[in-house]
Amino acid sequence: MTAELLDKWNQRHREAADQGQVAQVLLDNSHLLPVRGKALDLACGRGASALYLAARGLEVSSWDFSPVAIDRLLSEARRRSLTVSTEVRDLITGPMPGESFDVILVSYFLERSLAARIVEALKPGGLLYYQTFSLLAVHPGGPQNPAYRLADNELLELFKPLRVRSYREESDLGDTRLGVRDIAMLVAQKPG
Ligand SMILES: C[S@@+](CC[C@H](N)C(=O)[O-])C[C@H]1O[C@@H](n2cnc3c(N)ncnc32)[C@H](O)[C@@H]1O
């Protein structure tokens with residue numbers, strides 16, 4: 001992690017008006033969530049999704065390398081009387097415990113080298129919710145660097161050891177004014 005990258009994210013989190021958006025993949029597939037258990041929001045940002053998971057009754061851990069994001073998440077959690085456990089940590093270099101989480105969410109963060117560790121961190125039967133930008137997009141927005149965008153069907157490849165429970169990637173098919181465009185969304189379960 002470079003100091004410039006962290007500065008950039010701290011500044012974005014400082015200037016943002018609110019907590020951000022709850023991940024679409026969570027909202028669209030909320031009926032698949034367990035009623036209790038441990039959830040991890042990786043690269044949680046200011047924590048809209050972490051707060052959503054906590055409000056659903058899950059025991060939530062939220063990790064991000066930006067202390068500004070984590071501070072904002074914690075103060076909003078206090079305001080809503082929700083409990084979220086947080087850590088300021090660099091996901092790329094930090095350790096990830098094995099078989100610890102019933103749910104892991106990754107929203108708009110793509111670090112391919114983490115895929116095996118994410119799978120390992122799920123408990124058997126646990127669910128991964130993942131969404132991020134695809135290379136083929138019909139609207140502007142998202143990362144300019146193509147390395148931070150998914151190739152066609154790439155989430156399916158990255159998380160091959162998991163069983164797919166829901167997958168949505170609409171590419172540029174049909175009426176592009178409709179549907180969920182520009183991102184791919186996966187819900188997948190660890191066998192066992
Ligand atoms: C596009 S934001 C997504 C935030 C949140 N998941 C959401 O969907 O609103 C990407 C997040 O990744 C965090 N981040 C970037 N690199 C990181 C790293 N190496 N370790 C931990 N967090 C990182 C940033 O601080 C930022 O909060």
# chains A, B, ... in the order shown; residues from 1 in each chain; ligands from 1
$ residues_near_ligand --ligand "ligand 1" --cutoff "9 Å" --atoms "only C-alpha atoms and all ligand atoms" --output "PyMOL selection string"
chain A and resi 1-2+5-6+8-10+12-13+19-23+41-50+63-70+88-94+105-111+131-132+142-143
$ write_last_selection --atoms "C-alpha atoms" --output "PDB file, in the first residue's frame"
ATOM      1  CA  MET A   1       0.000   0.000   0.000  1.00  0.00           C
ATOM      2  CA  THR A   2       1.361   3.431  -0.854  1.00  0.00           C
ATOM      3  CA  LEU A   5      -3.287   5.668  -2.078  1.00  0.00           C
ATOM      4  CA  LEU A   6      -4.228   5.831   1.587  1.00  0.00           C
ATOM      5  CA  LYS A   8      -6.590   9.525  -1.542  1.00  0.00           C
ATOM      6  CA  TRP A   9      -9.042   7.205   0.202  1.00  0.00           C
ATOM      7  CA  ASN A  10      -8.922   9.111   3.485  1.00  0.00           C
ATOM      8  CA  ARG A  12     -12.661  10.653  -0.253  1.00  0.00           C
ATOM      9  CA  HIS A  13     -14.086   9.259   2.970  1.00  0.00           C
ATOM     10  CA  GLN A  19     -22.217   6.213   4.611  1.00  0.00           C
ATOM     11  CA  GLY A  20     -22.464   5.233   0.915  1.00  0.00           C
ATOM     12  CA  GLN A  21     -24.880   2.668  -0.525  1.00  0.00           C
ATOM     13  CA  VAL A  22     -25.806  -0.754   0.764  1.00  0.00           C
ATOM     14  CA  ALA A  23     -24.415  -3.220  -1.795  1.00  0.00           C
ATOM     15  CA  ASP A  41     -17.369  -6.633   5.285  1.00  0.00           C
ATOM     16  CA  LEU A  42     -14.002  -6.422   3.506  1.00  0.00           C
ATOM     17  CA  ALA A  43     -12.875  -2.951   2.415  1.00  0.00           C
ATOM     18  CA  CYS A  44     -16.049  -1.723   4.098  1.00  0.00           C
ATOM     19  CA  GLY A  45     -15.573   1.988   3.465  1.00  0.00           C
ATOM     20  CA  ARG A  46     -17.938   4.088   5.599  1.00  0.00           C
ATOM     21  CA  GLY A  47     -19.966   0.983   6.208  1.00  0.00           C
ATOM     22  CA  ALA A  48     -23.466   1.233   4.729  1.00  0.00           C
ATOM     23  CA  SER A  49     -23.471  -2.531   4.109  1.00  0.00           C
ATOM     24  CA  ALA A  50     -21.900  -3.375   7.474  1.00  0.00           C
ATOM     25  CA  TRP A  63     -12.095  -3.984   7.841  1.00  0.00           C
ATOM     26  CA  ASP A  64     -10.677  -1.120   5.819  1.00  0.00           C
ATOM     27  CA  PHE A  65      -7.263   0.514   5.649  1.00  0.00           C
ATOM     28  CA  SER A  66      -8.713   4.018   5.995  1.00  0.00           C
ATOM     29  CA  PRO A  67      -8.997   5.217   9.594  1.00  0.00           C
ATOM     30  CA  VAL A  68     -11.293   8.002   8.385  1.00  0.00           C
ATOM     31  CA  ALA A  69     -13.749   5.455   6.935  1.00  0.00           C
ATOM     32  CA  ILE A  70     -13.670   3.370  10.105  1.00  0.00           C
ATOM     33  CA  VAL A  88      -8.053  -0.517  10.378  1.00  0.00           C
ATOM     34  CA  ARG A  89      -6.004  -2.921   8.316  1.00  0.00           C
ATOM     35  CA  ASP A  90      -4.359  -3.348   4.964  1.00  0.00           C
ATOM     36  CA  LEU A  91      -6.133  -6.325   3.430  1.00  0.00           C
ATOM     37  CA  ILE A  92      -3.340  -7.111   1.029  1.00  0.00           C
ATOM     38  CA  THR A  93      -0.696  -7.676   3.677  1.00  0.00           C
ATOM     39  CA  GLY A  94      -2.794  -8.448   6.753  1.00  0.00           C
ATOM     40  CA  LEU A 105     -19.157  -9.263   1.632  1.00  0.00           C
ATOM     41  CA  VAL A 106     -16.842  -7.560  -0.840  1.00  0.00           C
ATOM     42  CA  SER A 107     -18.284  -4.545  -2.597  1.00  0.00           C
ATOM     43  CA  TYR A 108     -16.308  -2.487  -5.097  1.00  0.00           C
ATOM     44  CA  PHE A 109     -12.896  -3.802  -4.085  1.00  0.00           C
ATOM     45  CA  LEU A 110     -10.954  -6.055  -6.447  1.00  0.00           C
ATOM     46  CA  GLU A 111      -7.744  -7.637  -5.250  1.00  0.00           C
ATOM     47  CA  GLN A 131     -19.986  -7.227  -6.469  1.00  0.00           C
ATOM     48  CA  THR A 132     -17.729  -4.968  -8.435  1.00  0.00           C
ATOM     49  CA  GLY A 142     -15.946   3.367 -11.619  1.00  0.00           C
ATOM     50  CA  PRO A 143     -12.210   2.782 -11.898  1.00  0.00           C
TER      51      PRO A 143
END
$ select_by_dssp --residues "region 7-175 of chain A" --states "alpha helix (DSSP H)" --output "VMD selection string"
chain A and resid 7 to 15 24 to 28 48 to 55 67 to 79 115 to 121 154 to 158
$ atom_distance --atom1 "CA of Pro140 (chain A)" --atom2 "CA of Glu15 (chain A)"
21.3 Å
$ atom_distance --atom1 "CA of Lys38 (chain A)" --atom2 "CA of Phe133 (chain A)"
26.1 Å
$ select_by_dssp --residues "region 8-173 of chain A" --states "strand (DSSP E or B)" --output "PyMOL selection string"
chain A and resi 38-42+59-64+84-88+101-107+122-134+150+163-168
$ closest_residue --among "A:Ser113, A:Ser134, A:Gln189, A:Asn145" --to "Pro161 (chain A)" --atoms "only C-alpha atoms"
A:Gln189
$ closest_residue --among "A:Leu155, A:Ile183, A:Leu128, A:Val84" --to "Asn29 (chain A)" --atoms "only C-alpha atoms"
A:Leu128
$ residues_around --residues "Gly192 (chain A)" --least-positions-apart "3" --cutoff "12 Å" --atoms "only C-alpha atoms" --output "MDAnalysis selection string"
chainID A and resid 99 122:127 161:163 189
$ atom_distance --atom1 "CA of Leu27 (chain A)" --atom2 "CA of Val60 (chain A)"
16.5 Å
$ closest_residue --among "A:Gln11, A:Thr83, A:Asn153, A:Ser61" --to "Val103 (chain A)" --atoms "only C-alpha atoms"
A:Ser61
$ closest_residue --among "A:Ala39, A:Asp182, A:Leu73, A:Asp28" --to "Arg14 (chain A)" --atoms "only C-alpha atoms"
A:Leu73
$ residues_around --residues "Arg181 (chain A)" --least-positions-apart "2" --cutoff "8 Å" --atoms "only C-alpha atoms" --output "count of residues only"
11
$ residues_around --residues "Pro97 (chain A)" --least-positions-apart "6" --cutoff "10 Å" --atoms "only C-alpha atoms" --output "ChimeraX atom specification"
/A:117-118,120-122
